$ cat input.txt   # compact mmCIF, C-alpha atoms and all ligand atoms
# COMPACT_ATOMS: atom_id res chain seq x y z
CA MET W 18 -9.53 22.36 -22.97
CA THR W 19 -5.84 22.09 -22.08
CA LYS W 20 -4.47 18.71 -23.10
CA ILE W 21 -2.82 16.73 -20.36
CA CYS W 22 -1.29 13.31 -20.28
CA SER W 23 -2.33 11.51 -17.09
CA LYS W 24 0.52 10.12 -15.04
CA LEU W 25 -1.88 7.56 -13.58
CA PRO W 26 -4.29 6.77 -16.42
CA GLU W 27 -5.64 3.62 -14.81
CA THR W 28 -6.14 5.04 -11.34
CA GLY W 29 -9.63 6.03 -10.27
CA THR W 30 -11.07 7.19 -6.96
CA THR W 31 -10.03 4.88 -4.15
CA ILE W 32 -12.60 2.25 -3.22
CA PHE W 33 -12.58 3.55 0.37
CA SER W 34 -14.02 6.88 -0.73
CA VAL W 35 -16.46 5.17 -3.09
CA MET W 36 -17.86 2.81 -0.43
CA SER W 37 -17.90 5.43 2.34
CA GLN W 38 -19.88 7.77 0.08
CA LEU W 39 -22.28 4.98 -0.83
CA ALA W 40 -22.65 4.16 2.89
CA ALA W 41 -23.51 7.82 3.61
CA GLU W 42 -26.04 7.96 0.72
CA HIS W 43 -27.85 4.86 1.97
CA LYS W 44 -27.36 5.64 5.68
CA ALA W 45 -25.68 2.25 5.93
CA LEU W 46 -23.45 1.08 8.77
CA ASN W 47 -19.99 1.78 7.47
CA LEU W 48 -17.81 -1.28 8.03
CA SER W 49 -15.91 -0.47 4.85
CA GLN W 50 -13.21 2.12 5.50
CA GLY W 51 -10.72 1.24 8.25
CA PHE W 52 -11.48 3.77 10.94
CA PRO W 53 -12.94 3.46 14.45
CA ASP W 54 -16.35 4.91 15.31
CA PHE W 55 -15.50 5.19 19.02
CA PRO W 56 -13.79 8.18 20.63
CA VAL W 57 -10.09 8.87 21.11
CA ASP W 58 -8.88 8.60 24.72
CA PRO W 59 -9.98 11.91 26.36
CA GLN W 60 -6.56 12.08 28.03
CA LEU W 61 -4.91 12.37 24.63
CA ILE W 62 -7.36 15.07 23.56
CA GLU W 63 -6.60 16.92 26.79
CA LEU W 64 -2.86 16.72 26.06
CA ILE W 65 -3.41 18.26 22.62
CA TYR W 66 -5.54 21.03 24.11
CA ARG W 67 -2.81 21.74 26.64
CA ALA W 68 -0.09 21.68 23.94
CA MET W 69 -2.07 24.22 21.91
CA LYS W 70 -2.56 26.46 24.95
CA ASP W 71 1.16 26.14 25.73
CA GLY W 72 1.96 27.54 22.30
CA TYR W 73 2.87 24.46 20.24
CA ASN W 74 1.20 25.94 17.19
CA GLN W 75 3.99 26.81 14.76
CA TYR W 76 6.08 24.65 12.42
CA ALA W 77 7.70 21.68 14.07
CA PRO W 78 11.27 20.84 13.01
CA MET W 79 11.24 19.12 9.60
CA PRO W 80 11.86 15.54 10.87
CA GLY W 81 9.45 15.94 13.78
CA LEU W 82 9.48 17.22 17.37
CA PRO W 83 12.60 15.93 19.15
CA ALA W 84 10.49 14.89 22.17
CA LEU W 85 8.32 12.67 19.97
CA ARG W 86 11.24 11.16 18.09
CA GLU W 87 12.88 10.41 21.43
CA ALA W 88 9.70 8.76 22.75
CA ILE W 89 9.48 6.63 19.59
CA ALA W 90 13.13 5.62 19.96
CA GLN W 91 12.41 4.41 23.49
CA LYS W 92 9.26 2.60 22.41
CA ASN W 93 11.15 0.80 19.64
CA GLU W 94 13.89 -0.20 22.01
CA LYS W 95 11.34 -1.65 24.45
CA THR W 96 9.10 -3.26 21.86
CA TYR W 97 11.55 -4.52 19.24
CA GLY W 98 14.95 -4.32 20.94
CA ARG W 99 16.23 -2.02 18.19
CA SER W 100 17.74 1.38 18.92
CA TYR W 101 17.13 3.97 16.25
CA ASP W 102 18.86 7.32 16.56
CA ALA W 103 16.15 9.90 17.24
CA ASN W 104 18.11 12.57 15.35
CA THR W 105 18.93 10.74 12.18
CA GLU W 106 16.79 7.60 11.92
CA ILE W 107 13.21 8.58 12.83
CA THR W 108 10.92 10.93 10.88
CA ILE W 109 7.38 11.97 11.73
CA THR W 110 5.11 11.91 8.67
CA ALA W 111 1.60 12.99 7.74
CA GLY W 112 0.26 9.50 8.33
CA ALA W 113 1.76 6.26 7.06
CA THR W 114 0.58 7.06 3.52
CA GLN W 115 2.85 10.07 3.19
CA GLY W 116 5.70 8.14 4.80
CA LEU W 117 5.31 5.33 2.26
CA HIS W 118 5.15 7.84 -0.57
CA ALA W 119 8.25 9.72 0.60
CA ALA W 120 10.22 6.48 0.98
CA ILE W 121 9.21 5.24 -2.48
CA SER W 122 9.84 8.63 -4.12
CA ALA W 123 13.26 8.92 -2.54
CA LEU W 124 14.49 5.44 -3.32
CA VAL W 125 12.78 4.12 -6.46
CA HIS W 126 14.26 5.27 -9.78
CA PRO W 127 12.73 4.98 -13.25
CA GLY W 128 12.98 1.37 -14.43
CA ASP W 129 13.42 -0.06 -10.92
CA GLU W 130 11.23 -3.01 -9.95
CA VAL W 131 9.30 -3.08 -6.70
CA ILE W 132 7.89 -6.38 -5.49
CA ILE W 133 4.54 -6.16 -3.75
CA PHE W 134 2.28 -8.90 -2.46
CA VAL W 135 -1.30 -8.82 -3.67
CA PRO W 136 -3.93 -8.23 -2.44
CA ALA W 137 -2.19 -5.01 -1.41
CA TYR W 138 -3.10 -1.69 0.17
CA ASP W 139 -3.99 0.56 -2.72
CA SER W 140 -1.52 3.40 -2.22
CA TYR W 141 1.58 1.33 -3.05
CA LYS W 142 1.24 0.87 -6.78
CA PRO W 143 0.51 4.48 -7.80
CA ALA W 144 3.41 5.68 -5.64
CA VAL W 145 5.80 3.32 -7.43
CA GLU W 146 4.44 4.18 -10.88
CA LEU W 147 4.56 7.94 -10.31
CA ASN W 148 8.28 7.50 -9.80
CA GLY W 149 8.76 5.51 -12.99
CA GLY W 150 9.09 2.21 -11.14
CA LYS W 151 7.52 -1.07 -12.18
CA VAL W 152 5.42 -3.08 -9.76
CA VAL W 153 6.03 -6.83 -9.76
CA GLU W 154 3.08 -8.53 -8.11
CA ILE W 155 3.26 -11.76 -6.15
CA PRO W 156 -0.11 -13.25 -5.27
CA LEU W 157 -1.03 -14.32 -1.75
CA GLU W 158 -3.44 -17.19 -2.26
CA ALA W 159 -6.67 -17.63 -0.30
CA PRO W 160 -7.55 -18.87 2.23
CA ASP W 161 -4.17 -18.58 4.08
CA PHE W 162 -2.64 -15.77 2.03
CA GLU W 163 0.87 -16.92 2.98
CA PRO W 164 3.88 -15.67 1.00
CA ASP W 165 5.32 -18.24 -1.43
CA TRP W 166 9.07 -17.84 -1.10
CA ASP W 167 9.86 -19.77 -4.29
CA ARG W 168 7.79 -17.21 -6.16
CA VAL W 169 9.62 -14.39 -4.41
CA ARG W 170 13.00 -15.85 -5.35
CA ALA W 171 11.83 -16.24 -8.95
CA ALA W 172 10.57 -12.63 -9.07
CA ILE W 173 13.81 -11.06 -7.92
CA SER W 174 15.90 -9.66 -10.75
CA GLU W 175 18.84 -7.33 -10.98
CA LYS W 176 16.31 -4.50 -11.34
CA THR W 177 14.62 -5.26 -8.00
CA ARG W 178 15.09 -2.16 -5.89
CA MET W 179 12.55 -2.72 -3.18
CA ILE W 180 10.29 -5.33 -1.60
CA LEU W 181 7.22 -3.86 0.02
CA ILE W 182 5.67 -5.95 2.76
CA ASN W 183 2.70 -5.43 5.05
CA THR W 184 2.22 -7.34 8.27
CA PRO W 185 -0.31 -7.52 9.92
CA HIS W 186 -1.91 -7.50 6.52
CA ASN W 187 -4.70 -5.36 5.15
CA PRO W 188 -7.07 -6.66 3.77
CA THR W 189 -6.58 -10.33 4.72
CA GLY W 190 -5.97 -10.11 8.49
CA THR W 191 -2.97 -12.46 8.25
CA ILE W 192 0.39 -11.95 9.92
CA TRP W 193 3.84 -12.98 8.80
CA SER W 194 5.61 -15.53 10.97
CA LYS W 195 9.14 -15.33 12.30
CA SER W 196 10.17 -17.84 9.64
CA ASP W 197 8.67 -15.63 6.88
CA MET W 198 10.80 -12.76 8.11
CA HIS W 199 13.86 -15.04 8.15
CA GLU W 200 13.08 -16.00 4.56
CA LEU W 201 12.90 -12.32 3.66
CA GLU W 202 16.20 -11.80 5.41
CA LYS W 203 17.72 -14.65 3.39
CA VAL W 204 16.44 -13.58 -0.04
CA THR W 205 17.63 -10.01 0.45
CA SER W 206 21.02 -10.75 2.02
CA ASP W 207 23.97 -9.80 -0.20
CA THR W 208 21.70 -7.63 -2.37
CA ASP W 209 20.97 -3.90 -2.50
CA ILE W 210 17.26 -4.51 -2.10
CA ILE W 211 15.48 -2.17 0.29
CA VAL W 212 12.60 -3.49 2.38
CA LEU W 213 9.70 -1.13 2.94
CA SER W 214 7.78 -2.65 5.82
CA ASP W 215 4.28 -1.31 6.33
CA GLU W 216 3.52 -2.16 9.97
CA VAL W 217 0.64 0.20 10.68
CA TYR W 218 -1.26 -2.60 12.50
CA GLU W 219 1.82 -3.58 14.56
CA HIS W 220 -0.14 -3.46 17.83
CA ILE W 221 -3.20 -5.33 16.58
CA VAL W 222 -2.14 -8.98 16.73
CA PHE W 223 -4.26 -11.73 18.30
CA ASP W 224 -4.22 -15.06 20.10
CA GLY W 225 -0.92 -14.44 21.88
CA ASN W 226 0.97 -14.11 18.58
CA GLU W 227 3.86 -11.69 18.29
CA HIS W 228 4.38 -9.03 15.68
CA TRP W 229 7.61 -9.77 13.83
CA SER W 230 8.72 -6.29 12.89
CA ALA W 231 11.54 -5.96 10.35
CA ALA W 232 13.24 -4.01 13.14
CA ARG W 233 13.69 -7.25 15.10
CA PHE W 234 16.05 -8.83 12.54
CA ASP W 235 19.60 -7.51 12.10
CA GLY W 236 19.75 -8.51 8.45
CA LEU W 237 16.46 -6.72 7.75
CA ALA W 238 16.82 -3.66 9.97
CA GLU W 239 19.96 -2.60 8.09
CA ARG W 240 17.99 -2.40 4.81
CA SER W 241 14.46 -1.64 6.04
CA ILE W 242 12.20 1.30 6.52
CA THR W 243 9.44 0.50 9.00
CA VAL W 244 6.20 2.43 8.67
CA SER W 245 3.91 3.15 11.65
CA SER W 246 0.65 5.03 12.10
CA PHE W 247 -0.57 6.78 15.24
CA GLY W 248 -3.93 6.96 13.51
CA LYS W 249 -4.27 3.18 13.67
CA THR W 250 -2.70 2.75 17.10
CA PHE W 251 -4.53 5.54 18.93
CA HIS W 252 -7.91 5.41 17.12
CA ALA W 253 -7.31 8.79 15.46
CA THR W 254 -7.05 8.16 11.72
CA GLY W 255 -8.15 11.72 10.96
CA TRP W 256 -5.09 13.29 12.51
CA LYS W 257 -2.83 11.70 9.87
CA VAL W 258 0.30 11.36 11.97
CA GLY W 259 2.69 8.45 11.51
CA TYR W 260 6.41 7.82 11.38
CA LEU W 261 9.26 6.05 9.61
CA CYS W 262 12.31 4.37 11.14
CA ALA W 263 15.30 3.52 8.98
CA PRO W 264 19.10 3.52 9.00
CA ALA W 265 20.50 7.04 8.62
CA HIS W 266 21.76 6.63 5.03
CA LEU W 267 18.23 5.74 3.88
CA MET W 268 16.53 8.31 6.10
CA THR W 269 18.74 11.12 4.78
CA GLU W 270 17.36 10.51 1.29
CA ILE W 271 13.77 10.13 2.48
CA ARG W 272 13.92 13.42 4.37
CA LYS W 273 14.97 15.20 1.16
CA VAL W 274 11.55 14.30 -0.26
CA HIS W 275 9.62 14.68 2.99
CA GLN W 276 10.81 18.25 3.49
CA TYR W 277 9.35 19.38 0.17
CA VAL W 278 6.11 17.44 0.37
CA VAL W 279 4.89 18.43 3.83
CA PHE W 280 7.99 19.87 5.53
CA SER W 281 6.60 19.06 8.96
CA VAL W 282 3.54 17.68 10.73
CA ASN W 283 0.98 19.09 13.22
CA THR W 284 3.06 20.35 16.15
CA SER W 285 0.54 20.20 19.00
CA VAL W 286 -0.49 16.65 18.12
CA GLN W 287 3.17 15.65 18.06
CA MET W 288 3.73 17.22 21.49
CA ALA W 289 0.72 15.40 22.93
CA LEU W 290 1.80 12.08 21.41
CA SER W 291 5.27 12.42 22.92
CA GLN W 292 3.64 12.59 26.36
CA TYR W 293 1.02 9.93 25.69
CA LEU W 294 3.76 7.47 24.63
CA GLN W 295 5.22 7.61 28.13
CA LYS W 296 2.59 5.11 29.26
CA ASP W 297 3.13 1.67 27.68
CA SER W 298 -0.40 0.46 28.41
CA ASN W 299 -1.68 3.04 25.91
CA TRP W 300 -0.62 0.61 23.19
CA THR W 301 0.03 -2.70 24.96
CA ASN W 302 -3.71 -3.00 25.72
CA LEU W 303 -4.60 -2.98 22.02
CA PRO W 304 -4.47 -6.71 21.19
CA ASP W 305 -6.89 -7.49 23.99
CA PHE W 306 -9.17 -4.58 23.10
CA TYR W 307 -9.48 -5.58 19.45
CA GLN W 308 -9.50 -9.33 20.07
CA LYS W 309 -12.71 -8.90 22.05
CA LYS W 310 -14.25 -7.07 19.10
CA ARG W 311 -13.01 -9.67 16.62
CA ASP W 312 -14.42 -12.50 18.73
CA ALA W 313 -17.74 -10.74 19.24
CA PHE W 314 -18.11 -10.01 15.52
CA ARG W 315 -17.13 -13.52 14.43
CA GLY W 316 -19.29 -15.05 17.15
CA SER W 317 -22.31 -13.08 15.98
CA LEU W 318 -21.97 -14.59 12.48
CA THR W 319 -21.97 -18.28 13.49
CA GLU W 320 -25.56 -18.76 12.32
CA SER W 321 -25.20 -16.56 9.25
CA LYS W 322 -24.36 -17.51 5.66
CA PHE W 323 -21.27 -15.27 5.79
CA LYS W 324 -18.26 -17.46 6.59
CA PRO W 325 -15.43 -15.67 8.38
CA LEU W 326 -11.86 -16.59 7.36
CA ALA W 327 -9.07 -16.76 9.95
CA CYS W 328 -8.07 -13.36 11.33
CA SER W 329 -4.77 -13.09 13.22
CA GLY W 330 -4.25 -9.35 13.14
CA THR W 331 -5.54 -5.92 11.97
CA TYR W 332 -9.13 -4.84 12.57
CA PHE W 333 -10.44 -6.43 9.38
CA GLN W 334 -12.45 -9.60 9.03
CA LEU W 335 -12.73 -11.31 5.64
CA CYS W 336 -16.01 -13.15 5.05
CA ASP W 337 -16.87 -15.57 2.28
CA TYR W 338 -20.37 -14.95 0.90
CA SER W 339 -20.51 -17.78 -1.66
CA GLN W 340 -23.48 -19.38 0.14
CA ILE W 341 -25.47 -16.20 -0.56
CA SER W 342 -24.55 -15.04 -4.04
CA ASP W 343 -22.22 -15.51 -6.97
CA GLU W 344 -22.31 -11.83 -7.88
CA SER W 345 -18.95 -10.12 -8.26
CA GLU W 346 -17.52 -8.73 -5.05
CA LEU W 347 -18.09 -5.15 -6.17
CA GLU W 348 -21.71 -5.76 -7.21
CA PHE W 349 -22.45 -7.65 -4.03
CA ALA W 350 -20.77 -4.97 -1.84
CA LYS W 351 -22.87 -2.27 -3.50
CA ARG W 352 -26.08 -4.27 -3.08
CA LEU W 353 -25.24 -5.07 0.55
CA THR W 354 -24.94 -1.33 1.18
CA ALA W 355 -28.03 -0.25 -0.73
CA GLU W 356 -30.41 -3.06 0.22
CA HIS W 357 -29.17 -4.28 3.60
CA GLY W 358 -27.54 -1.16 5.03
CA ILE W 359 -24.03 -2.60 5.54
CA ALA W 360 -21.01 -1.21 3.71
CA ALA W 361 -17.98 -3.47 3.24
CA ILE W 362 -14.99 -3.58 0.90
CA PRO W 363 -14.68 -6.02 -2.03
CA ILE W 364 -11.18 -7.46 -1.82
CA SER W 365 -11.00 -7.77 -5.60
CA VAL W 366 -10.01 -4.09 -5.68
CA PHE W 367 -6.75 -4.89 -3.88
CA TYR W 368 -5.61 -6.98 -6.87
CA PRO W 369 -4.09 -5.64 -10.12
CA GLU W 370 -6.79 -7.33 -12.16
CA ILE W 371 -10.26 -7.83 -10.81
CA LYS W 372 -10.37 -11.26 -9.25
CA ASN W 373 -13.59 -12.49 -7.72
CA GLN W 374 -13.31 -14.83 -4.77
CA ASN W 375 -16.63 -13.99 -3.09
CA LEU W 376 -14.80 -12.26 -0.27
CA LEU W 377 -15.70 -9.02 1.48
CA ARG W 378 -13.69 -7.18 4.11
CA PHE W 379 -15.52 -5.90 7.19
CA CYS W 380 -13.88 -3.43 9.60
CA PHE W 381 -14.61 -4.33 13.22
CA ALA W 382 -12.99 -1.23 14.77
CA LYS W 383 -16.49 -0.23 15.79
CA ASN W 384 -18.60 0.23 18.90
CA ASP W 385 -20.15 -2.95 20.26
CA ARG W 386 -23.56 -1.50 19.39
CA THR W 387 -22.54 -0.92 15.74
CA LEU W 388 -21.22 -4.48 15.50
CA GLU W 389 -24.40 -5.89 17.03
CA GLU W 390 -26.58 -3.95 14.57
CA ALA W 391 -24.40 -5.10 11.68
CA ALA W 392 -24.69 -8.72 12.83
CA ILE W 393 -28.50 -8.48 12.97
CA ALA W 394 -28.58 -7.27 9.36
CA LEU W 395 -26.02 -9.80 8.12
CA ASN W 396 -27.78 -12.71 9.83
CA LYS W 397 -30.99 -11.92 7.95
CA ILE W 398 -29.34 -12.37 4.55
C1 LIG W 401 -1.81 -1.27 5.23
C2 LIG W 401 -2.03 0.19 5.41
N1 LIG W 401 -1.00 1.02 5.25
C3 LIG W 401 -1.15 2.35 5.40
C4 LIG W 401 -2.36 2.90 5.75
C5 LIG W 401 -2.48 4.38 5.89
O1 LIG W 401 -2.25 4.82 7.20
P1 LIG W 401 -2.40 6.37 7.56
O2 LIG W 401 -3.84 6.64 7.77
O3 LIG W 401 -1.58 6.55 8.79
O4 LIG W 401 -1.86 7.14 6.40
C6 LIG W 401 -3.47 2.06 5.91
C7 LIG W 401 -4.79 2.63 6.22
O5 LIG W 401 -5.82 2.02 6.06
C8 LIG W 401 -3.29 0.67 5.76
O6 LIG W 401 -4.31 -0.18 5.92
$ encode --input "input.txt" --output "structure tokens"
Amino acid sequence: MTKICSKLPETGTTIFSVMSQLAAEHKALNLSQGFPDFPVDPQLIELIYRAMKDGYNQYAPMPGLPALREAIAQKNEKTYGRSYDANTEITITAGATQGLHAAISALVHPGDEVIIFVPAYDSYKPAVELNGGKVVEIPLEAPDFEPDWDRVRAAISEKTRMILINTPHNPTGTIWSKSDMHELEKVTSDTDIIVLSDEVYEHIVFDGNEHWSAARFDGLAERSITVSSFGKTFHATGWKVGYLCAPAHLMTEIRKVHQYVVFSVNTSVQMALSQYLQKDSNWTNLPDFYQKKRDAFRGSLTESKFKPLACSGTYFQLCDYSQISDESELEFAKRLTAEHGIAAIPISVFYPEIKNQNLLRFCFAKNDRTLEEAAIALNKI
């Protein structure tokens, strides 16, 4: 057998694939992976169909269809008061994951340090390590999972190249406040640190709270790449279309990587999205839509032994199961799937070293019927 030296020796199959496969094997309700089980707006499907019939079937320009980049520029202006140049500062990517990877590959050099907050979405670390970077982890402590700015200040060194943030936060459902973003602005001012701001749940924020995008702060916008996902915003995770916004000098470098990883992204979907973005309510209705689901799911657990933690954003609900079991999160998640027909994600897998806090993450981007069935099963445990 040919000898190879793994570039990612410690990386296995992502937990999302593992739990989704287990859910399928046991015919369990899949509240593990973060995708909706309800349909995409038929109007958007119709727009794609029309775009295909109108001939939008060949390569799009490398940074994305101009009409879509223009629509995103207008949306950013309206939503965050920041004007990004559609030609030089916005790039359409194959989902947020590829955007994150392109940004990290373009900007992190061997030996550079990248600060991430754990628990963290699992694509960040391998992307940094593949590029020879070193991840410096800062814990977010339960139950509030708020960033500790003294720890951030202590973690910054002359090797710090990037700080990777994620708000609203997967898996904890927390959001960063305006004052957190000001702190970030302060700790990065007068440095060459780049902020990579994963904002894929930007439109899923509850209880009248605002999403404090890095784009809203002058001192951050000049050093930040914001990452968005149409999959999350328009209930179409399978299309894998997202985008990055960043100042031109950063975007120029990112596009050098992007062009040789995917070159360009699904043209007809881009065309349809450019038209769908013309109607603000297609995304401004999202907080209300998901808040109803969050409230229904949490409400259905009031009598159960699962204790929901606060959830201010995203479509994930953390639940404490310590009244039921002291098994590890992974063992309990597997047993919940096999014996009770509910798949969830152990949050221990979002930490560098397995840490058991008796917390599982449930995705509530599901039909009301699915959530009701899940609640019946969870209430019996
Ligand atoms: C925090 C976070 N970032 C990025 C992604 C990936 O988004 P996309 O499907 O657009 O690649 C996800 C998906 O679950 C996520 O939760």
$ atom_distance --input "input.txt" --atom1 "atom CA of W:Gly236" --atom2 "atom CA of W:His199"
8.8 Å
$ closest_atom_pairs --input "input.txt" --of "chain W" --to "ligand LIG 401 (chain W)" --cutoff "10 Å" --atoms "all atoms listed in the file" --output "Markdown table"
| residue | atom | partner | partner_atom | distance |
| --- | --- | --- | --- | --- |
| W:Phe33 | CA | W:LIG401 | O5 | 9.0 |
| W:Gln50 | CA | W:LIG401 | O5 | 7.4 |
| W:Gly51 | CA | W:LIG401 | O5 | 5.4 |
| W:Phe52 | CA | W:LIG401 | O5 | 7.7 |
| W:Thr110 | CA | W:LIG401 | O3 | 8.6 |
| W:Ala111 | CA | W:LIG401 | O4 | 6.9 |
| W:Gly112 | CA | W:LIG401 | O3 | 3.5 |
| W:Ala113 | CA | W:LIG401 | O3 | 3.8 |
| W:Thr114 | CA | W:LIG401 | O4 | 3.8 |
| W:Gln115 | CA | W:LIG401 | O4 | 6.4 |
| W:Gly116 | CA | W:LIG401 | O4 | 7.8 |
| W:Leu117 | CA | W:LIG401 | C3 | 7.8 |
| W:His118 | CA | W:LIG401 | O4 | 9.9 |
| W:Ala137 | CA | W:LIG401 | C1 | 7.6 |
| W:Tyr138 | CA | W:LIG401 | C1 | 5.2 |
| W:Asp139 | CA | W:LIG401 | C2 | 8.4 |
| W:Ser140 | CA | W:LIG401 | C3 | 7.7 |
| W:Tyr141 | CA | W:LIG401 | N1 | 8.7 |
| W:Ile182 | CA | W:LIG401 | C1 | 9.2 |
| W:Asn183 | CA | W:LIG401 | C1 | 6.1 |
| W:Thr184 | CA | W:LIG401 | C1 | 7.9 |
| W:Pro185 | CA | W:LIG401 | C1 | 8.0 |
| W:His186 | CA | W:LIG401 | C1 | 6.4 |
| W:Asn187 | CA | W:LIG401 | C1 | 5.0 |
| W:Pro188 | CA | W:LIG401 | O6 | 7.4 |
| W:Ser214 | CA | W:LIG401 | N1 | 9.5 |
| W:Asp215 | CA | W:LIG401 | N1 | 5.9 |
| W:Glu216 | CA | W:LIG401 | C1 | 7.2 |
| W:Val217 | CA | W:LIG401 | N1 | 5.7 |
| W:Tyr218 | CA | W:LIG401 | C1 | 7.4 |
| W:Val244 | CA | W:LIG401 | C3 | 8.0 |
| W:Ser245 | CA | W:LIG401 | O3 | 7.1 |
| W:Ser246 | CA | W:LIG401 | O3 | 4.3 |
| W:Phe247 | CA | W:LIG401 | O3 | 6.5 |
| W:Gly248 | CA | W:LIG401 | O3 | 5.3 |
| W:Lys249 | CA | W:LIG401 | O3 | 6.5 |
| W:Thr250 | CA | W:LIG401 | O3 | 9.2 |
| W:Ala253 | CA | W:LIG401 | O2 | 8.7 |
| W:Thr254 | CA | W:LIG401 | O2 | 5.3 |
| W:Gly255 | CA | W:LIG401 | O2 | 7.4 |
| W:Trp256 | CA | W:LIG401 | O2 | 8.3 |
| W:Lys257 | CA | W:LIG401 | O3 | 5.4 |
| W:Val258 | CA | W:LIG401 | O3 | 6.1 |
| W:Gly259 | CA | W:LIG401 | O3 | 5.4 |
| W:Tyr260 | CA | W:LIG401 | O3 | 8.5 |
| W:Thr331 | CA | W:LIG401 | O6 | 8.4 |
| W:Tyr332 | CA | W:LIG401 | O6 | 9.4 |
| W:Phe333 | CA | W:LIG401 | O6 | 9.4 |
$ closest_residue --input "input.txt" --among "W:Ser285, W:Ser37, W:Gln295, W:Thr177" --to "W:Glu130" --atoms "all atoms listed in the file"
W:Thr177
$ closest_residue --input "input.txt" --among "W:Ile121, W:Val278, W:Leu377, W:Leu85" --to "W:Glu344" --atoms "only C-alpha atoms"
W:Leu377
$ residues_near_point --input "input.txt" --point "(5.6, 8.3, -9.4)" --cutoff "12 Å" --atoms "all atoms listed in the file" --output "list in words"
Ser23, Lys24, Leu25, His118, Ala119, Ala120, Ile121, Ser122, Ala123, Leu124, Val125, His126, Pro127, Gly128, Asp129, Ser140, Tyr141, Lys142, Pro143, Ala144, Val145, Glu146, Leu147, Asn148, Gly149, Gly150, Lys151 and Val152 of chain W
$ residues_around --input "input.txt" --residues "W:Leu181" --least-positions-apart "3" --cutoff "7 Å" --atoms "only C-alpha atoms" --output "list of chain:residue names"
W:Ile132, W:Ile133, W:Val212, W:Leu213, W:Ser214
$ closest_residue --input "input.txt" --among "W:Gln38, W:Gln91, W:Ser342, W:Thr191" --to "W:Ile221" --atoms "all atoms listed in the file"
W:Thr191
$ atom_distance --input "input.txt" --atom1 "atom CA of W:Ala265" --atom2 "atom CA of W:Phe134"
26.6 Å
$ closest_residue --input "input.txt" --among "W:Ala68, W:Cys336, W:Ala40, W:Ala232" --to "W:Ala360" --atoms "only C-alpha atoms"
W:Ala40
$ closest_residue --input "input.txt" --among "W:Ala392, W:Ala45, W:Ala289, W:Ala90" --to "W:Pro59" --atoms "all atoms listed in the file"
W:Ala289
$ residues_around --input "input.txt" --residues "W:Ala350" --least-positions-apart "5" --cutoff "7 Å" --atoms "all atoms listed in the file" --output "NGL selection string"
:W and (360-363)
$ closest_residue --input "input.txt" --among "W:Gln374, W:Thr105, W:Asn384, W:Asn283" --to "W:His266" --atoms "all atoms listed in the file"
W:Thr105
$ residues_around --input "input.txt" --residues "W:Asp165" --least-positions-apart "6" --cutoff "9 Å" --atoms "only C-alpha atoms" --output "VMD selection string"
chain W and resid 155 to 158
$ residues_near_point --input "input.txt" --point "(17.3, -7.4, -10.6)" --cutoff "12 Å" --atoms "all atoms listed in the file" --output "PyMOL selection string"
chain W and resi 128-132+151+153+170-180+205+208-210
